>>> print(open('query.cif').read())   # mmCIF, C-alpha atoms
data_entry
loop_
_atom_site.label_atom_id
_atom_site.label_comp_id
_atom_site.auth_asym_id
_atom_site.auth_seq_id
_atom_site.Cartn_x
_atom_site.Cartn_y
_atom_site.Cartn_z
CA MET F 21 97.17 -14.96 52.01
CA SER F 22 97.91 -17.85 54.39
CA PRO F 23 95.27 -20.56 55.03
CA ALA F 24 94.82 -19.24 58.60
CA ALA F 25 94.26 -15.71 57.33
CA GLN F 26 91.82 -16.97 54.70
CA GLY F 27 89.89 -18.86 57.38
CA ALA F 28 89.76 -15.78 59.61
CA TRP F 29 88.53 -13.65 56.72
CA ARG F 30 85.77 -16.14 55.91
CA TRP F 31 84.61 -16.08 59.52
CA PHE F 32 84.72 -12.29 59.56
CA LYS F 33 82.55 -12.09 56.43
CA ARG F 34 80.04 -14.44 58.04
CA LEU F 35 79.92 -12.76 61.43
CA ALA F 36 80.25 -9.05 60.58
CA PRO F 37 76.77 -8.65 59.00
CA TRP F 38 75.16 -10.39 61.98
CA VAL F 39 77.02 -8.21 64.49
CA LEU F 40 75.96 -5.08 62.65
CA ALA F 41 72.39 -6.39 62.44
CA VAL F 42 72.30 -6.93 66.21
CA LEU F 43 73.62 -3.40 66.81
CA VAL F 44 71.04 -1.82 64.51
CA LEU F 45 68.11 -3.87 65.84
CA SER F 46 69.11 -3.08 69.42
CA LEU F 47 69.02 0.57 68.44
CA VAL F 48 65.53 0.07 67.01
CA ALA F 49 64.27 -1.53 70.22
CA GLN F 50 65.85 1.16 72.37
CA GLN F 51 64.30 3.97 70.34
CA ALA F 52 60.85 2.34 70.18
CA ARG F 53 60.60 2.11 73.98
CA ALA F 54 61.38 5.79 74.40
CA VAL F 55 58.94 7.16 71.80
CA ASP F 56 56.01 9.36 72.77
CA TRP F 57 53.63 7.93 70.18
CA PRO F 58 50.70 10.33 70.83
CA ALA F 59 53.09 13.23 70.13
CA VAL F 60 54.19 11.50 66.92
CA TRP F 61 50.54 11.28 65.83
CA THR F 62 50.08 14.98 66.56
CA ALA F 63 53.17 15.83 64.50
CA LEU F 64 51.83 13.70 61.64
CA GLN F 65 48.57 15.64 61.65
CA ASN F 66 50.52 18.90 61.44
CA LEU F 67 52.14 17.99 58.10
CA SER F 68 50.74 20.37 55.48
CA ALA F 69 48.82 19.11 52.45
CA THR F 70 51.16 21.04 50.14
CA ARG F 71 54.21 19.20 51.43
CA LEU F 72 52.45 15.86 51.05
CA VAL F 73 51.42 16.61 47.45
CA VAL F 74 54.96 17.66 46.49
CA ALA F 75 56.37 14.55 48.21
CA VAL F 76 53.98 12.31 46.24
CA ALA F 77 55.04 14.00 42.98
CA LEU F 78 58.72 13.42 43.80
CA ALA F 79 57.95 9.79 44.66
CA LEU F 80 56.31 9.24 41.26
CA LEU F 81 59.31 10.80 39.55
CA SER F 82 61.69 8.66 41.61
CA TYR F 83 59.84 5.47 40.61
CA GLY F 84 60.04 6.52 36.99
CA VAL F 85 63.79 7.04 37.19
CA TYR F 86 64.32 3.73 38.99
CA ALA F 87 62.22 1.85 36.44
CA GLY F 88 64.50 3.33 33.78
CA PHE F 89 67.38 1.29 35.22
CA ASP F 90 65.99 -1.75 33.37
CA LEU F 91 66.31 0.07 30.05
CA VAL F 92 70.09 -0.30 30.43
CA GLY F 93 69.61 -4.06 30.54
CA ARG F 94 67.19 -3.88 27.61
CA TYR F 95 69.79 -2.07 25.53
CA LEU F 96 72.75 -4.28 26.42
CA THR F 97 70.90 -7.63 26.17
CA GLY F 98 69.01 -6.58 23.05
CA HIS F 99 65.69 -8.04 24.23
CA LYS F 100 62.64 -6.80 22.33
CA LEU F 101 60.17 -6.25 25.16
CA LEU F 102 58.41 -2.93 24.60
CA VAL F 103 59.73 0.04 26.59
CA PRO F 104 56.39 0.74 28.40
CA ARG F 105 56.14 -2.91 29.43
CA THR F 106 59.76 -2.91 30.61
CA LEU F 107 59.18 0.23 32.69
CA GLY F 108 55.93 -1.10 34.15
CA THR F 109 57.49 -4.44 35.10
CA ALA F 110 60.47 -2.71 36.72
CA ALA F 111 58.24 -0.32 38.69
CA ILE F 112 56.00 -3.12 40.01
CA CYS F 113 59.02 -5.17 41.06
CA TYR F 114 60.62 -2.16 42.75
CA VAL F 115 57.55 -1.69 44.94
CA PHE F 116 57.64 -5.33 46.02
CA ASN F 117 61.40 -5.08 46.51
CA LEU F 118 60.98 -2.18 48.93
CA ASN F 119 58.12 -3.73 50.89
CA PHE F 120 59.03 -7.42 50.92
CA GLY F 121 62.76 -7.58 50.28
CA ALA F 122 65.12 -8.05 47.35
CA LEU F 123 64.58 -11.81 47.07
CA VAL F 124 60.86 -11.27 46.45
CA GLY F 125 60.77 -8.10 44.37
CA GLY F 126 64.27 -7.76 43.04
CA PHE F 127 64.68 -11.38 41.93
CA ALA F 128 61.68 -13.73 42.12
CA MET F 129 59.02 -11.34 40.84
CA ARG F 130 61.25 -9.86 38.14
CA LEU F 131 62.09 -13.36 36.95
CA ARG F 132 58.43 -14.39 36.94
CA LEU F 133 57.09 -11.34 35.12
CA TYR F 134 59.86 -11.04 32.56
CA THR F 135 59.73 -14.74 31.69
CA ARG F 136 55.95 -14.45 31.37
CA TRP F 137 56.60 -11.74 28.77
CA GLY F 138 58.87 -14.12 26.85
CA LEU F 139 62.40 -13.42 28.10
CA ASN F 140 64.64 -16.32 29.08
CA ALA F 141 66.09 -16.63 32.58
CA ALA F 142 69.65 -15.79 31.48
CA THR F 143 68.52 -12.51 29.94
CA VAL F 144 66.48 -11.62 33.03
CA ALA F 145 69.50 -12.30 35.25
CA LYS F 146 71.57 -9.84 33.19
CA VAL F 147 68.82 -7.19 33.38
CA ILE F 148 68.67 -7.62 37.15
CA GLY F 149 72.45 -7.43 37.48
CA LEU F 150 72.69 -4.23 35.42
CA SER F 151 69.85 -2.64 37.37
CA MET F 152 71.59 -3.42 40.66
CA VAL F 153 74.86 -1.97 39.34
CA THR F 154 73.07 1.22 38.30
CA ASN F 155 71.43 1.58 41.70
CA TRP F 156 74.54 1.02 43.79
CA LEU F 157 76.81 2.94 41.43
CA GLY F 158 74.58 5.96 42.06
CA TYR F 159 74.76 5.20 45.77
CA LEU F 160 78.57 5.15 45.70
CA TRP F 161 78.77 8.51 43.93
CA LEU F 162 76.22 10.22 46.10
CA GLY F 163 77.28 8.61 49.38
CA GLY F 164 80.90 9.43 48.68
CA VAL F 165 80.11 13.09 48.01
CA VAL F 166 77.96 13.37 51.16
CA LEU F 167 80.60 11.77 53.37
CA LEU F 168 83.37 13.86 51.84
CA TRP F 169 81.70 17.27 52.10
CA TRP F 170 78.89 16.82 54.64
CA PRO F 171 79.88 13.97 57.01
CA PRO F 172 76.96 13.17 59.34
CA GLN F 173 77.30 14.17 62.98
CA LEU F 174 76.24 11.13 64.99
CA PRO F 175 75.76 11.36 68.75
CA GLY F 176 77.49 9.52 71.57
CA GLY F 177 79.07 6.14 70.90
CA TRP F 178 77.87 6.17 67.29
CA ALA F 179 80.00 9.21 66.44
CA GLN F 180 82.94 8.85 64.11
CA SER F 181 85.55 11.46 63.34
CA ASP F 182 85.15 13.53 60.21
CA ALA F 183 88.46 12.10 58.96
CA VAL F 184 87.08 8.53 59.05
CA MET F 185 83.87 9.57 57.30
CA ARG F 186 85.77 11.45 54.62
CA THR F 187 88.11 8.51 54.07
CA VAL F 188 85.12 6.23 53.50
CA GLY F 189 83.72 8.84 51.11
CA VAL F 190 86.95 8.90 49.11
CA VAL F 191 86.92 5.08 48.88
CA MET F 192 83.32 5.11 47.63
CA ILE F 193 84.09 7.67 44.94
CA ALA F 194 87.22 5.73 43.95
CA LEU F 195 85.15 2.55 43.47
CA ALA F 196 82.66 4.43 41.32
CA LEU F 197 85.49 5.91 39.24
CA ALA F 198 87.05 2.46 38.86
CA TYR F 199 83.80 1.13 37.36
CA LEU F 200 83.62 4.05 34.92
CA GLY F 201 87.26 3.56 33.97
CA MET F 202 86.75 -0.17 33.42
CA CYS F 203 83.72 0.49 31.20
CA ALA F 204 85.49 3.19 29.20
CA TRP F 205 88.93 1.65 28.64
CA SER F 206 88.99 -2.04 29.55
CA THR F 207 89.56 -4.44 26.65
CA ARG F 208 87.62 -7.05 28.57
CA ARG F 209 83.94 -6.30 27.87
CA THR F 210 82.31 -8.90 30.12
CA LEU F 211 82.45 -9.68 33.81
CA ARG F 212 82.26 -13.32 34.86
CA TRP F 213 81.08 -14.76 38.16
CA ARG F 214 80.76 -18.54 38.29
CA ASP F 215 78.48 -19.43 35.35
CA HIS F 216 77.15 -15.89 34.90
CA THR F 217 78.40 -13.18 32.57
CA LEU F 218 77.55 -9.49 32.53
CA ALA F 219 78.28 -7.23 29.57
CA LEU F 220 80.05 -4.01 30.42
CA PRO F 221 78.47 -0.85 29.00
CA GLY F 222 80.59 1.71 27.19
CA GLY F 223 81.87 4.78 29.00
CA ALA F 224 78.94 6.99 27.97
CA LEU F 225 76.33 4.46 29.10
CA ALA F 226 78.22 3.87 32.37
CA ALA F 227 78.14 7.62 33.00
CA ALA F 228 74.40 7.56 32.32
CA GLN F 229 74.09 4.74 34.86
CA ALA F 230 75.89 6.84 37.45
CA LEU F 231 73.69 9.85 36.72
CA THR F 232 70.37 8.01 36.82
CA GLY F 233 71.38 5.98 39.89
CA ALA F 234 72.36 9.12 41.77
CA THR F 235 69.21 10.93 40.60
CA SER F 236 67.02 8.18 42.03
CA TRP F 237 68.66 8.49 45.45
CA MET F 238 68.56 12.30 45.29
CA LEU F 239 64.83 12.25 44.60
CA MET F 240 64.27 9.95 47.59
CA GLY F 241 66.26 12.36 49.73
CA GLY F 242 64.20 15.19 48.26
CA ILE F 243 60.99 13.58 49.52
CA ILE F 244 62.37 13.49 53.06
CA TRP F 245 63.66 17.07 52.80
CA VAL F 246 60.29 18.37 51.57
CA LEU F 247 58.49 16.62 54.41
CA PHE F 248 60.88 18.24 56.89
CA ASP F 249 59.86 21.60 55.36
CA GLY F 250 63.46 22.81 55.18
CA ARG F 251 64.09 22.43 58.91
CA VAL F 252 66.78 19.88 58.08
CA ALA F 253 69.43 20.68 55.47
CA TYR F 254 69.13 18.58 52.32
CA PRO F 255 72.60 16.95 52.62
CA VAL F 256 71.79 15.98 56.22
CA ALA F 257 68.45 14.40 55.24
CA LEU F 258 70.07 12.64 52.29
CA GLY F 259 72.94 11.33 54.42
CA ALA F 260 70.51 9.88 56.97
CA LEU F 261 68.58 8.18 54.16
CA LEU F 262 71.75 6.66 52.69
CA MET F 263 72.80 5.30 56.10
CA ALA F 264 69.31 3.89 56.68
CA ALA F 265 69.38 2.14 53.30
CA VAL F 266 72.57 0.25 54.15
CA ALA F 267 71.27 -0.61 57.63
CA GLY F 268 68.10 -2.01 56.07
CA VAL F 269 70.06 -4.15 53.62
CA VAL F 270 72.33 -5.51 56.36
CA THR F 271 69.53 -6.38 58.79
CA HIS F 272 67.34 -7.99 56.09
CA VAL F 273 64.22 -6.59 57.78
CA PRO F 274 61.41 -6.38 55.19
CA ALA F 275 60.86 -2.72 54.20
CA GLY F 276 63.50 -1.77 56.79
CA LEU F 277 60.62 -1.67 59.25
CA GLY F 278 61.82 0.13 62.36
CA VAL F 279 65.38 0.36 61.04
CA LEU F 280 64.64 3.34 58.82
CA GLU F 281 62.95 5.17 61.67
CA ALA F 282 65.66 4.39 64.23
CA VAL F 283 68.53 5.51 61.99
CA PHE F 284 66.82 8.82 61.26
CA VAL F 285 66.14 9.46 64.95
CA VAL F 286 69.82 8.87 65.78
CA ALA F 287 71.17 10.79 62.78
CA LEU F 288 69.00 13.84 63.52
CA ALA F 289 69.31 13.79 67.31
CA GLY F 290 69.82 17.35 68.49
CA VAL F 291 68.45 18.76 65.22
CA LEU F 292 64.75 18.05 65.73
CA PRO F 293 62.67 16.31 68.41
CA SER F 294 62.43 12.58 67.82
CA THR F 295 58.62 12.81 67.59
CA GLU F 296 58.84 15.16 64.62
CA VAL F 297 61.51 13.03 62.96
CA LEU F 298 59.39 9.91 63.35
CA ALA F 299 56.33 11.69 61.99
CA VAL F 300 58.22 12.66 58.83
CA VAL F 301 59.72 9.19 58.35
CA LEU F 302 56.32 7.54 58.82
CA ALA F 303 54.84 9.92 56.25
CA TYR F 304 57.73 9.03 53.92
CA ARG F 305 57.04 5.33 54.45
CA ALA F 306 53.36 5.83 53.61
CA ILE F 307 54.17 7.84 50.46
CA TYR F 308 57.11 5.82 49.14
CA TYR F 309 56.25 2.31 50.32
CA LEU F 310 52.55 1.84 51.08
CA LEU F 311 50.85 4.08 48.51
CA PRO F 312 52.80 2.54 45.60
CA LEU F 313 52.03 -0.92 47.01
CA ALA F 314 48.30 -0.15 46.82
CA ILE F 315 48.84 0.58 43.12
CA ALA F 316 51.32 -2.22 42.40
CA LEU F 317 49.14 -5.04 43.76
CA PRO F 318 46.32 -4.61 41.20
CA ALA F 319 48.91 -3.77 38.51
CA TYR F 320 50.65 -7.08 39.21
CA MET F 321 47.36 -9.00 39.02
CA TRP F 322 46.57 -7.25 35.73
CA ALA F 323 50.02 -8.14 34.36
CA GLU F 324 49.52 -11.78 35.36
CA ALA F 325 46.10 -11.86 33.67
CA VAL F 326 47.47 -10.30 30.45
CA ALA F 327 50.42 -12.70 30.40
CA ARG F 328 48.14 -15.67 31.03
CA ARG F 329 45.77 -14.60 28.22
CA ARG F 330 48.76 -14.03 25.94
CA GLY F 331 50.06 -17.52 26.72
CA SER F 332 46.65 -19.09 26.03
CA MET F 333 46.39 -17.30 22.68
CA LYS F 334 49.88 -18.48 21.69
CA ALA F 335 49.04 -22.05 22.66
CA ALA F 336 45.83 -21.91 20.63
CA THR F 337 47.70 -20.51 17.61
CA HIS F 338 50.34 -23.25 17.78
CA LYS F 339 47.63 -25.88 18.05
CA LYS F 340 45.89 -24.57 14.94
CA LYS F 341 49.18 -24.55 13.02
CA ARG F 342 49.89 -28.15 14.04
CA GLU F 343 46.40 -29.23 13.00
CA ALA F 344 46.78 -27.42 9.67
CA VAL F 345 49.99 -29.24 8.75
CA ALA F 346 48.99 -32.61 10.20
CA PRO F 347 48.45 -35.29 7.52
CA PRO F 348 44.86 -36.55 7.17
CA SER F 349 44.16 -39.74 9.04
#
>>> encode(input="query.cif", output="structure tokens")
Amino acid sequence: MSPAAQGAWRWFKRLAPWVLAVLVLSLVAQQARAVDWPAVWTALQNLSATRLVVAVALALLSYGVYAGFDLVGRYLTGHKLLVPRTLGTAAICYVFNLNFGALVGGFAMRLRLYTRWGLNAATVAKVIGLSMVTNWLGYLWLGGVVLLWWPPQLPGGWAQSDAVMRTVGVVMIALALAYLGMCAWSTRRTLRWRDHTLALPGGALAAAQALTGATSWMLMGGIIWVLFDGRVAYPVALGALLMAAVAGVVTHVPAGLGVLEAVFVVALAGVLPSTEVLAVVLAYRAIYYLLPLAIALPAYMWAEAVARRRGSMKAATHKKKREAVAPPS
């Protein structure tokens, strides 16, 4: 690639996310101005208790599956943190990741909690990397299948031909297959990026990553589908969720606030009234974001207190050992 082409590519990588962010946020503002909020509140009140209970159960299951992503890192790094503590730490961090962004929950809080439990920063970085791979590997599989067999029908200027959608779906599946192939047959068992290395799992574990990653996304889509009470086909609800997830990552809006709602309204335009769509998405936000946050906040404070007490006890034990071996004055 020529120096001019390299320079153009660098500028494209810098500008493209911002352009997409502006497009998505403009969509959010446009949709917010046109919403009949009293009608949304009425639609929220009409959601049945049964649907809400099932949605909460699916949310708990989804959090359990996502927390299991960190067990891949536990296995490959060989760290000795107990499985329940690993799962609890991952679940707490996932809640903060959803509500406050990846830098807070995905990185800073994971690093803090895991190091408080005795892991070193290099090990934590590998656990985080493997968890991210599991999550987005599942996304590639599931998103590729949805785009290939059930391409979303977007209205107006947002519409793309089925051929374009299916091509993107094929590319996503090809990337997922490439990862599995590399894990199964590559003689190079580590990936390197700058000063960081990441161990590649074997083929069986990589397949498990793909399965658990896809299951997590499918459960999230299941929550939305249950709240819609079957009025929206499951692949359609799942496709809207997958698009909203990418839009939220690109715009860097904490918790995808407004972005999630706007993408669903556009994706389901002509299927259901926007007031009903917004009611379901707000219920989903309450169940999958806010309710777990109400649990994660005291759980995080408890984890900090336990870690602090554990550190104090270790310090006291070391002090006693030093005093026991110290020569008499």
>>> closest_atom_pairs(input="query.cif", of="stretch 289-323 of chain F", to="stretch 106-123 of chain F", cutoff="9 Å", atoms="all atoms listed in the file", output="JSON lines")
{"residue": "F:Tyr308", "atom": "CA", "partner": "F:Val115", "partner_atom": "CA", "distance": 8.6}
{"residue": "F:Tyr309", "atom": "CA", "partner": "F:Asn119", "partner_atom": "CA", "distance": 6.3}
{"residue": "F:Leu310", "atom": "CA", "partner": "F:Asn119", "partner_atom": "CA", "distance": 7.9}
{"residue": "F:Pro312", "atom": "CA", "partner": "F:Val115", "partner_atom": "CA", "distance": 6.4}
{"residue": "F:Leu313", "atom": "CA", "partner": "F:Val115", "partner_atom": "CA", "distance": 5.9}
{"residue": "F:Ile315", "atom": "CA", "partner": "F:Ile112", "partner_atom": "CA", "distance": 8.6}
{"residue": "F:Ala316", "atom": "CA", "partner": "F:Ile112", "partner_atom": "CA", "distance": 5.3}
{"residue": "F:Leu317", "atom": "CA", "partner": "F:Ile112", "partner_atom": "CA", "distance": 8.1}
{"residue": "F:Ala319", "atom": "CA", "partner": "F:Ile112", "partner_atom": "CA", "distance": 7.3}
{"residue": "F:Tyr320", "atom": "CA", "partner": "F:Ile112", "partner_atom": "CA", "distance": 6.7}
{"residue": "F:Ala323", "atom": "CA", "partner": "F:Thr109", "partner_atom": "CA", "distance": 8.4}
>>> residues_around(input="query.cif", residues="stretch 263-267 of chain F", least_positions_apart="3", cutoff="8 Å", atoms="only C-alpha atoms", output="list in words")
Ala41, Val44, Gly259, Ala260, Val270, Thr271, Gly276, Val279, Leu280, Val283 and Phe284 of chain F
>>> atom_distance(input="query.cif", atom1="atom CA of F:Leu288", atom2="atom CA of F:Gly250")
13.4 Å
>>> residues_around(input="query.cif", residues="F:Leu168", least_positions_apart="5", cutoff="10 Å", atoms="all atoms listed in the file", output="PyMOL selection string")
chain F and resi 162-163+182-193
>>> atom_distance(input="query.cif", atom1="atom CA of F:Thr295", atom2="atom CA of F:Ser181")
27.3 Å
>>> resolve_selection(input="query.cif", expression="the PyMOL selection byres ((chain F and resi 228-245) around 7)", output="MDAnalysis selection string")
chainID F and resid 75 78:79 82 85:86 154:155 157:159 161:162 224:227 246:250 252 254 257:258 261 304
>>> residues_around(input="query.cif", residues="F:Leu133", least_positions_apart="3", cutoff="8 Å", atoms="all atoms listed in the file", output="ChimeraX atom specification")
/F:109,129-130,136-137,323-324
>>> atom_distance(input="query.cif", atom1="atom CA of F:Leu160", atom2="atom CA of F:Gln173")
19.5 Å
>>> closest_residue(input="query.cif", among="F:Val300, F:Ala325, F:Ala314, F:Leu167", to="F:Val60", atoms="all atoms listed in the file")
F:Val300
>>> decode(input="query.cif", residues="stretch 86-104 of chain F", atoms="N, CA and C atoms", output="compact mmCIF listing (two decimals), in the first residue's frame")
# COMPACT_ATOMS: atom_id res chain seq x y z
N TYR F 86 -23.00 -15.26 30.47
CA TYR F 86 -21.95 -14.28 30.20
C TYR F 86 -20.83 -14.38 31.24
N ALA F 87 -21.20 -14.56 32.50
CA ALA F 87 -20.17 -14.68 33.54
C ALA F 87 -19.27 -15.88 33.26
N GLY F 88 -19.85 -16.92 32.63
CA GLY F 88 -19.07 -18.10 32.30
C GLY F 88 -17.97 -17.84 31.28
N PHE F 89 -18.04 -16.71 30.57
CA PHE F 89 -16.97 -16.38 29.62
C PHE F 89 -15.61 -16.34 30.34
N ASP F 90 -15.61 -15.84 31.58
CA ASP F 90 -14.34 -15.69 32.29
C ASP F 90 -13.74 -17.02 32.71
N LEU F 91 -14.55 -18.08 32.67
CA LEU F 91 -14.00 -19.41 32.98
C LEU F 91 -13.04 -19.88 31.89
N VAL F 92 -13.25 -19.39 30.65
CA VAL F 92 -12.30 -19.70 29.57
C VAL F 92 -10.94 -19.13 29.92
N GLY F 93 -10.93 -17.87 30.38
CA GLY F 93 -9.67 -17.26 30.79
C GLY F 93 -9.07 -17.95 32.01
N ARG F 94 -9.91 -18.39 32.92
CA ARG F 94 -9.42 -19.11 34.11
C ARG F 94 -8.71 -20.39 33.68
N TYR F 95 -9.29 -21.09 32.73
CA TYR F 95 -8.72 -22.36 32.27
C TYR F 95 -7.39 -22.13 31.54
N LEU F 96 -7.38 -21.16 30.63
CA LEU F 96 -6.19 -20.97 29.79
C LEU F 96 -5.05 -20.29 30.53
N THR F 97 -5.35 -19.42 31.50
CA THR F 97 -4.28 -18.77 32.27
C THR F 97 -3.85 -19.61 33.46
N GLY F 98 -4.73 -20.54 33.88
CA GLY F 98 -4.39 -21.40 35.00
C GLY F 98 -4.47 -20.72 36.35
N HIS F 99 -5.13 -19.57 36.44
CA HIS F 99 -5.23 -18.91 37.76
C HIS F 99 -6.14 -19.73 38.69
N LYS F 100 -5.93 -19.60 39.97
CA LYS F 100 -6.56 -20.47 40.96
C LYS F 100 -7.74 -19.83 41.69
N LEU F 101 -8.22 -18.72 41.20
CA LEU F 101 -9.38 -18.10 41.84
C LEU F 101 -10.56 -19.06 41.76
N LEU F 102 -11.30 -19.20 42.85
CA LEU F 102 -12.41 -20.15 42.88
C LEU F 102 -13.44 -19.82 41.82
N VAL F 103 -14.10 -20.86 41.29
CA VAL F 103 -15.09 -20.67 40.23
C VAL F 103 -16.22 -19.73 40.66
N PRO F 104 -16.83 -19.91 41.87
CA PRO F 104 -17.90 -18.98 42.26
C PRO F 104 -17.44 -17.53 42.32
